[in-house]
>>> print(open('upload24.cif').read())   # mmCIF, C-alpha atoms and all ligand atoms
data_coords
loop_
_atom_site.label_atom_id
_atom_site.label_comp_id
_atom_site.auth_asym_id
_atom_site.auth_seq_id
_atom_site.Cartn_x
_atom_site.Cartn_y
_atom_site.Cartn_z
CA MET A 380 -201.14 49.15 -24.13
CA SER A 381 -198.59 46.40 -24.28
CA ILE A 382 -198.12 42.89 -22.98
CA SER A 383 -195.18 40.56 -22.32
CA LEU A 384 -194.31 37.33 -24.10
CA THR A 385 -192.58 34.44 -22.34
CA VAL A 386 -191.43 31.37 -24.22
CA ARG A 387 -189.88 28.42 -22.38
CA ASN A 388 -188.24 25.29 -23.79
CA LEU A 389 -190.09 25.58 -27.08
CA HIS A 390 -189.75 22.78 -29.61
CA ALA A 391 -191.35 22.72 -33.06
CA GLY A 392 -190.79 21.14 -36.45
CA TYR A 393 -192.28 19.56 -39.53
CA GLY A 394 -192.76 15.81 -39.89
CA GLN A 395 -189.54 14.08 -38.85
CA ALA A 396 -187.59 17.33 -38.84
CA SER A 397 -187.02 19.22 -35.63
CA VAL A 398 -186.56 22.94 -36.42
CA ILE A 399 -186.89 24.75 -33.07
CA GLU A 400 -185.01 22.99 -30.32
CA GLY A 401 -185.61 24.21 -26.79
CA ILE A 402 -185.92 27.98 -27.15
CA ASP A 403 -186.25 30.35 -24.16
CA PHE A 404 -187.31 33.80 -25.26
CA ASP A 405 -188.73 36.90 -23.55
CA ALA A 406 -190.17 40.19 -24.68
CA ALA A 407 -191.08 42.58 -21.86
CA ALA A 408 -194.13 44.82 -22.21
CA GLY A 409 -193.25 47.77 -24.46
CA GLU A 410 -189.95 46.31 -25.60
CA ILE A 411 -188.76 45.93 -29.23
CA VAL A 412 -187.04 42.56 -29.44
CA ALA A 413 -185.28 41.29 -32.56
CA VAL A 414 -184.59 37.68 -33.50
CA VAL A 415 -181.82 37.55 -36.06
CA GLY A 416 -180.15 34.70 -37.86
CA ALA A 417 -179.23 33.27 -41.22
CA ASN A 418 -181.51 31.72 -43.83
CA GLY A 419 -183.19 28.61 -42.52
CA ALA A 420 -182.24 29.22 -38.87
CA GLY A 421 -185.89 28.76 -37.88
CA LYS A 422 -187.02 32.36 -37.44
CA THR A 423 -190.31 32.03 -39.30
CA THR A 424 -191.01 28.72 -37.60
CA LEU A 425 -190.50 30.38 -34.21
CA LEU A 426 -192.98 33.18 -35.01
CA ASN A 427 -195.51 30.83 -36.56
CA THR A 428 -195.34 28.55 -33.52
CA ILE A 429 -195.92 31.47 -31.14
CA ALA A 430 -198.80 32.64 -33.36
CA GLY A 431 -200.45 29.20 -33.32
CA VAL A 432 -199.88 28.53 -37.02
CA ASN A 433 -197.59 25.56 -36.23
CA PRO A 434 -198.15 23.42 -33.16
CA ALA A 435 -195.60 23.51 -30.34
CA ARG A 436 -194.18 20.02 -29.71
CA GLU A 437 -192.95 20.85 -26.24
CA GLY A 438 -192.63 23.89 -24.00
CA THR A 439 -194.86 26.81 -23.03
CA ILE A 440 -195.81 30.16 -24.52
CA ARG A 441 -197.34 32.86 -22.32
CA LEU A 442 -198.87 36.16 -23.35
CA GLY A 443 -198.88 38.16 -20.13
CA ASP A 444 -200.30 35.67 -17.60
CA LEU A 445 -202.20 33.68 -20.20
CA ASP A 446 -200.94 30.31 -21.42
CA ILE A 447 -201.43 30.40 -25.22
CA THR A 448 -199.35 27.30 -26.04
CA ARG A 449 -202.29 25.30 -27.38
CA MET A 450 -204.35 28.16 -28.77
CA ALA A 451 -205.12 28.20 -32.48
CA ALA A 452 -204.02 31.07 -34.72
CA HIS A 453 -207.55 32.48 -35.06
CA GLU A 454 -207.97 32.80 -31.26
CA LEU A 455 -204.90 34.97 -30.73
CA PRO A 456 -205.84 38.34 -32.27
CA ALA A 457 -208.63 38.68 -29.70
CA ARG A 458 -205.99 38.08 -26.99
CA GLY A 459 -203.89 40.97 -28.29
CA LEU A 460 -201.35 39.17 -30.46
CA ALA A 461 -200.93 40.06 -34.14
CA LEU A 462 -198.64 38.45 -36.72
CA VAL A 463 -197.57 40.27 -39.88
CA PRO A 464 -196.33 37.44 -42.11
CA GLU A 465 -193.50 37.78 -44.58
CA GLY A 466 -194.65 39.80 -47.59
CA GLY A 467 -197.62 41.16 -45.63
CA ARG A 468 -200.29 39.03 -47.36
CA LEU A 469 -202.56 41.93 -48.20
CA PHE A 470 -205.73 41.40 -50.20
CA PRO A 471 -204.42 42.67 -53.57
CA PHE A 472 -207.81 43.35 -55.18
CA MET A 473 -209.09 45.35 -52.26
CA THR A 474 -208.18 49.00 -51.70
CA VAL A 475 -205.75 50.09 -49.02
CA ARG A 476 -208.67 51.39 -46.98
CA GLU A 477 -210.59 48.12 -47.32
CA ASN A 478 -207.50 46.19 -46.21
CA LEU A 479 -207.26 48.40 -43.14
CA GLU A 480 -210.98 47.94 -42.48
CA MET A 481 -210.52 44.17 -42.60
CA GLY A 482 -207.87 44.50 -39.87
CA GLY A 483 -210.39 46.19 -37.58
CA PHE A 484 -213.27 43.95 -38.59
CA SER A 485 -214.40 43.15 -35.05
CA GLN A 486 -214.95 46.87 -34.35
CA ARG A 487 -216.79 47.57 -37.62
CA GLY A 488 -219.84 49.74 -37.19
CA SER A 489 -218.74 51.02 -33.77
CA ALA A 490 -218.02 54.68 -33.11
CA ARG A 491 -214.43 53.72 -32.36
CA PHE A 492 -213.93 52.31 -35.87
CA SER A 493 -213.48 55.58 -37.76
CA GLU A 494 -211.27 56.89 -34.96
CA MET A 495 -209.08 53.80 -35.34
CA LEU A 496 -208.81 54.32 -39.10
CA ASP A 497 -207.88 57.93 -38.51
CA GLU A 498 -205.24 56.96 -35.97
CA VAL A 499 -203.46 54.51 -38.27
CA MET A 500 -203.53 57.00 -41.12
CA GLU A 501 -201.91 59.51 -38.75
CA LEU A 502 -199.21 56.96 -38.02
CA PHE A 503 -198.77 56.03 -41.70
CA PRO A 504 -199.60 59.20 -43.69
CA ILE A 505 -198.68 57.54 -47.01
CA LEU A 506 -201.67 55.23 -46.55
CA ARG A 507 -204.05 58.17 -46.35
CA GLN A 508 -202.81 59.28 -49.76
CA ARG A 509 -203.08 55.77 -51.16
CA GLN A 510 -206.31 54.72 -49.49
CA LYS A 511 -208.34 54.31 -52.69
CA GLN A 512 -205.61 52.43 -54.54
CA TRP A 513 -205.62 48.64 -54.86
CA ALA A 514 -203.26 47.12 -52.35
CA GLY A 515 -201.76 45.00 -55.14
CA SER A 516 -200.50 48.16 -56.83
CA LEU A 517 -198.55 49.48 -53.83
CA SER A 518 -194.76 49.65 -53.82
CA GLY A 519 -192.89 47.18 -51.60
CA GLY A 520 -192.41 49.69 -48.78
CA GLU A 521 -196.02 50.91 -48.93
CA ARG A 522 -197.24 47.32 -48.91
CA GLN A 523 -195.23 46.57 -45.80
CA MET A 524 -196.59 49.68 -44.08
CA CYS A 525 -200.13 48.73 -45.07
CA ALA A 526 -199.64 45.23 -43.64
CA ILE A 527 -198.36 46.65 -40.35
CA ALA A 528 -201.17 49.22 -40.25
CA ARG A 529 -203.75 46.48 -40.89
CA ALA A 530 -202.37 44.62 -37.88
CA VAL A 531 -202.57 47.80 -35.78
CA MET A 532 -206.27 48.10 -36.70
CA GLY A 533 -206.88 44.92 -34.69
CA GLN A 534 -205.78 46.86 -31.56
CA PRO A 535 -203.03 44.41 -30.61
CA GLN A 536 -200.79 44.67 -27.57
CA LEU A 537 -197.98 42.73 -29.21
CA ILE A 538 -197.10 42.68 -32.91
CA MET A 539 -194.78 40.10 -34.44
CA LEU A 540 -193.18 41.09 -37.75
CA ASP A 541 -191.69 38.45 -40.04
CA GLU A 542 -188.88 39.93 -42.14
CA PRO A 543 -190.43 43.31 -42.95
CA SER A 544 -187.27 44.25 -44.89
CA VAL A 545 -187.61 41.53 -47.55
CA GLY A 546 -187.60 42.97 -51.06
CA LEU A 547 -187.05 46.57 -49.96
CA SER A 548 -184.23 48.91 -50.94
CA PRO A 549 -181.91 49.91 -48.06
CA LYS A 550 -183.53 53.36 -47.84
CA LEU A 551 -187.02 51.89 -47.60
CA VAL A 552 -185.92 49.33 -45.03
CA HIS A 553 -184.73 52.21 -42.89
CA GLN A 554 -188.04 54.05 -43.34
CA VAL A 555 -190.10 51.00 -42.41
CA PHE A 556 -187.97 50.41 -39.30
CA GLU A 557 -188.25 54.06 -38.27
CA LEU A 558 -192.02 53.65 -38.45
CA VAL A 559 -191.85 50.48 -36.38
CA ARG A 560 -189.97 52.37 -33.70
CA GLU A 561 -192.44 55.26 -33.79
CA LEU A 562 -195.32 52.83 -33.60
CA ALA A 563 -193.84 51.19 -30.51
CA ARG A 564 -193.28 54.58 -28.88
CA LYS A 565 -196.65 56.15 -29.73
CA LYS A 566 -198.85 53.11 -29.10
CA GLY A 567 -196.63 51.61 -26.40
CA LEU A 568 -196.75 48.22 -28.15
CA THR A 569 -194.48 45.24 -27.63
CA ILE A 570 -192.78 44.31 -30.90
CA VAL A 571 -191.05 41.08 -31.87
CA LEU A 572 -189.14 41.43 -35.09
CA VAL A 573 -187.60 38.57 -37.04
CA GLU A 574 -184.93 39.64 -39.52
CA GLN A 575 -182.10 38.62 -41.79
CA ASN A 576 -181.12 42.28 -42.10
CA VAL A 577 -179.14 42.15 -38.88
CA SER A 578 -177.72 45.68 -38.82
CA GLU A 579 -181.13 47.36 -39.29
CA ALA A 580 -182.79 45.00 -36.83
CA LEU A 581 -180.18 45.72 -34.18
CA GLY A 582 -180.53 49.44 -34.92
CA VAL A 583 -184.26 49.50 -34.18
CA SER A 584 -184.52 47.01 -31.30
CA ASP A 585 -183.80 47.23 -27.58
CA ARG A 586 -182.65 43.65 -27.23
CA ALA A 587 -181.88 40.81 -29.61
CA TYR A 588 -181.53 37.06 -29.81
CA VAL A 589 -179.30 35.29 -32.31
CA LEU A 590 -180.89 32.11 -33.63
CA ASP A 591 -178.72 29.44 -35.22
CA HIS A 592 -179.96 26.02 -36.34
CA GLY A 593 -183.05 26.26 -34.16
CA ALA A 594 -181.31 27.33 -30.95
CA ILE A 595 -180.60 30.69 -29.32
CA VAL A 596 -176.82 31.16 -29.32
CA ARG A 597 -176.64 34.75 -27.99
CA SER A 598 -178.93 37.26 -26.36
CA ALA A 599 -177.93 40.77 -25.34
CA PRO A 600 -178.92 44.44 -25.63
CA SER A 601 -178.92 45.25 -29.35
CA SER A 602 -176.32 48.01 -28.97
CA GLU A 603 -173.93 45.48 -27.43
CA LEU A 604 -174.47 42.95 -30.25
CA SER A 605 -174.09 45.51 -33.03
CA GLY A 606 -170.67 46.50 -31.63
CA ASP A 607 -169.50 42.89 -31.30
CA PRO A 608 -166.87 41.92 -33.91
CA ALA A 609 -168.02 38.25 -33.98
CA ILE A 610 -171.60 39.30 -34.79
CA GLN A 611 -170.38 41.88 -37.30
CA SER A 612 -168.33 39.36 -39.24
CA ALA A 613 -170.87 36.51 -39.05
CA TYR A 614 -174.04 38.47 -39.83
CA MET A 615 -173.31 42.04 -40.88
CA GLY A 616 -170.76 41.54 -43.64
CA LEU A 617 -168.22 43.74 -41.82
P1 LIG O 1 -185.60 32.50 -43.86
O1 LIG O 1 -184.84 33.64 -43.29
O2 LIG O 1 -184.95 31.92 -45.09
O3 LIG O 1 -187.06 32.76 -44.02
P2 LIG O 1 -186.01 31.14 -41.35
O4 LIG O 1 -184.92 31.39 -40.36
O5 LIG O 1 -187.25 31.93 -41.21
O6 LIG O 1 -185.43 31.29 -42.81
P3 LIG O 1 -187.69 28.82 -41.38
O7 LIG O 1 -188.50 29.34 -42.51
O8 LIG O 1 -188.30 28.79 -40.04
O9 LIG O 1 -186.29 29.60 -41.29
O10 LIG O 1 -187.18 27.35 -41.77
C1 LIG O 1 -186.41 26.56 -40.92
C2 LIG O 1 -186.28 25.16 -41.52
O11 LIG O 1 -187.56 24.53 -41.55
C3 LIG O 1 -185.76 25.15 -42.93
O12 LIG O 1 -184.87 24.08 -43.06
C4 LIG O 1 -187.00 24.96 -43.77
O13 LIG O 1 -186.70 24.29 -44.97
C5 LIG O 1 -187.87 24.11 -42.86
N1 LIG O 1 -189.30 24.34 -43.10
C6 LIG O 1 -189.93 25.54 -43.04
N2 LIG O 1 -191.27 25.39 -43.30
C7 LIG O 1 -191.46 24.08 -43.54
C8 LIG O 1 -192.61 23.27 -43.88
N3 LIG O 1 -193.83 23.83 -43.99
N4 LIG O 1 -192.41 21.96 -44.05
C9 LIG O 1 -191.20 21.39 -43.93
N5 LIG O 1 -190.07 22.07 -43.60
C10 LIG O 1 -190.19 23.38 -43.42
#
>>> encode(input="upload24.cif", output="structure tokens", more="lines below")
Ligand code: ATP
Amino acid sequence: MSISLTVRNLHAGYGQASVIEGIDFDAAAGEIVAVVGANGAGKTTLLNTIAGVNPAREGTIRLGDLDITRMAAHELPARGLALVPEGGRLFPFMTVRENLEMGGFSQRGSARFSEMLDEVMELFPILRQRQKQWAGSLSGGERQMCAIARAVMGQPQLIMLDEPSVGLSPKLVHQVFELVRELARKKGLTIVLVEQNVSEALGVSDRAYVLDHGAIVRSAPSSELSGDPAIQSAYMGL
């Protein structure tokens, strides 16, 4: 099950600084949408504002028909929205399995719970192998997969991923993105992906937005952007 996200005229910032300046942004149900841009463009701030971690200063955020603009971060998982922050923020001294269990905490004890665990381990077979290992001892790629799987345990309809490629080798980045695509296809989720790795992000997504100094400067189908010489030279090192 998936849900749409609609952002209109969003403004956010810190103290005197304005970081997000009037963003319009859409993700249709079931779509993989990438937000790409350089360091400091405001990508994390955008995700954190949608997820209720930072307050919106102006504008509206809708999840399906529901206005979530003023909702706090802890209210949103129950509405179907999950955020996987940069680095994953796993509990390092808990096992992989315990981390996954934490993700599905609200269902704990129900008959559905073990089915859910089984489902995510189907999706991420490496986690079945590693389930008894401390999360802190996972490799970068495994950690990222565990963080995504933990979010899936909360049965979200939309997952937002903040720079899942950070710290990973090119091969692992590709593997993680392949899994993201498979996840979207198998679970029919909506995915919003924020990335500095522009070529991989455009490769996995249906549509993308280019964020520059807190404003959207381009939006187009990802295949169109990845073939665009201006995007290639500005963001893809080509
Ligand atoms: P990166 O790719 O490097 O993570 P980003 O596009 O995600 O960058 P943000 O992390 O959203 O960008 O940062 C945008 C701007 O907001 C930067 O100038 C940053 O220094 C500033 N900023 C981010 N978090 C805070 C904060 N908690 N307090 C003050 N300024 C902040």
>>> atom_distance(input="upload24.cif", atom1="atom CA of A:Asn427", atom2="atom CA of A:Val596")
20.0 Å
>>> closest_residue(input="upload24.cif", among="A:Ala461, A:Ala407, A:Val432, A:Ile538", to="ligand LIG 1 (chain O)", atoms="all atoms listed in the file")
A:Val432
>>> residues_near_ligand(input="upload24.cif", ligand="ligand LIG 1 (chain O)", cutoff="8 Å", atoms="all atoms listed in the file", output="ChimeraX atom specification")
/A:392-394,396-398,416-425,541-542,573-575,590,592-593
>>> closest_residue(input="upload24.cif", among="A:Pro535, A:Gly438, A:Gly606, A:Gly483", to="A:Thr569", atoms="only C-alpha atoms")
A:Pro535
>>> closest_residue(input="upload24.cif", among="A:Leu384, A:Val552, A:Ile570, A:Ala457", to="A:Gln534", atoms="all atoms listed in the file")
A:Ala457
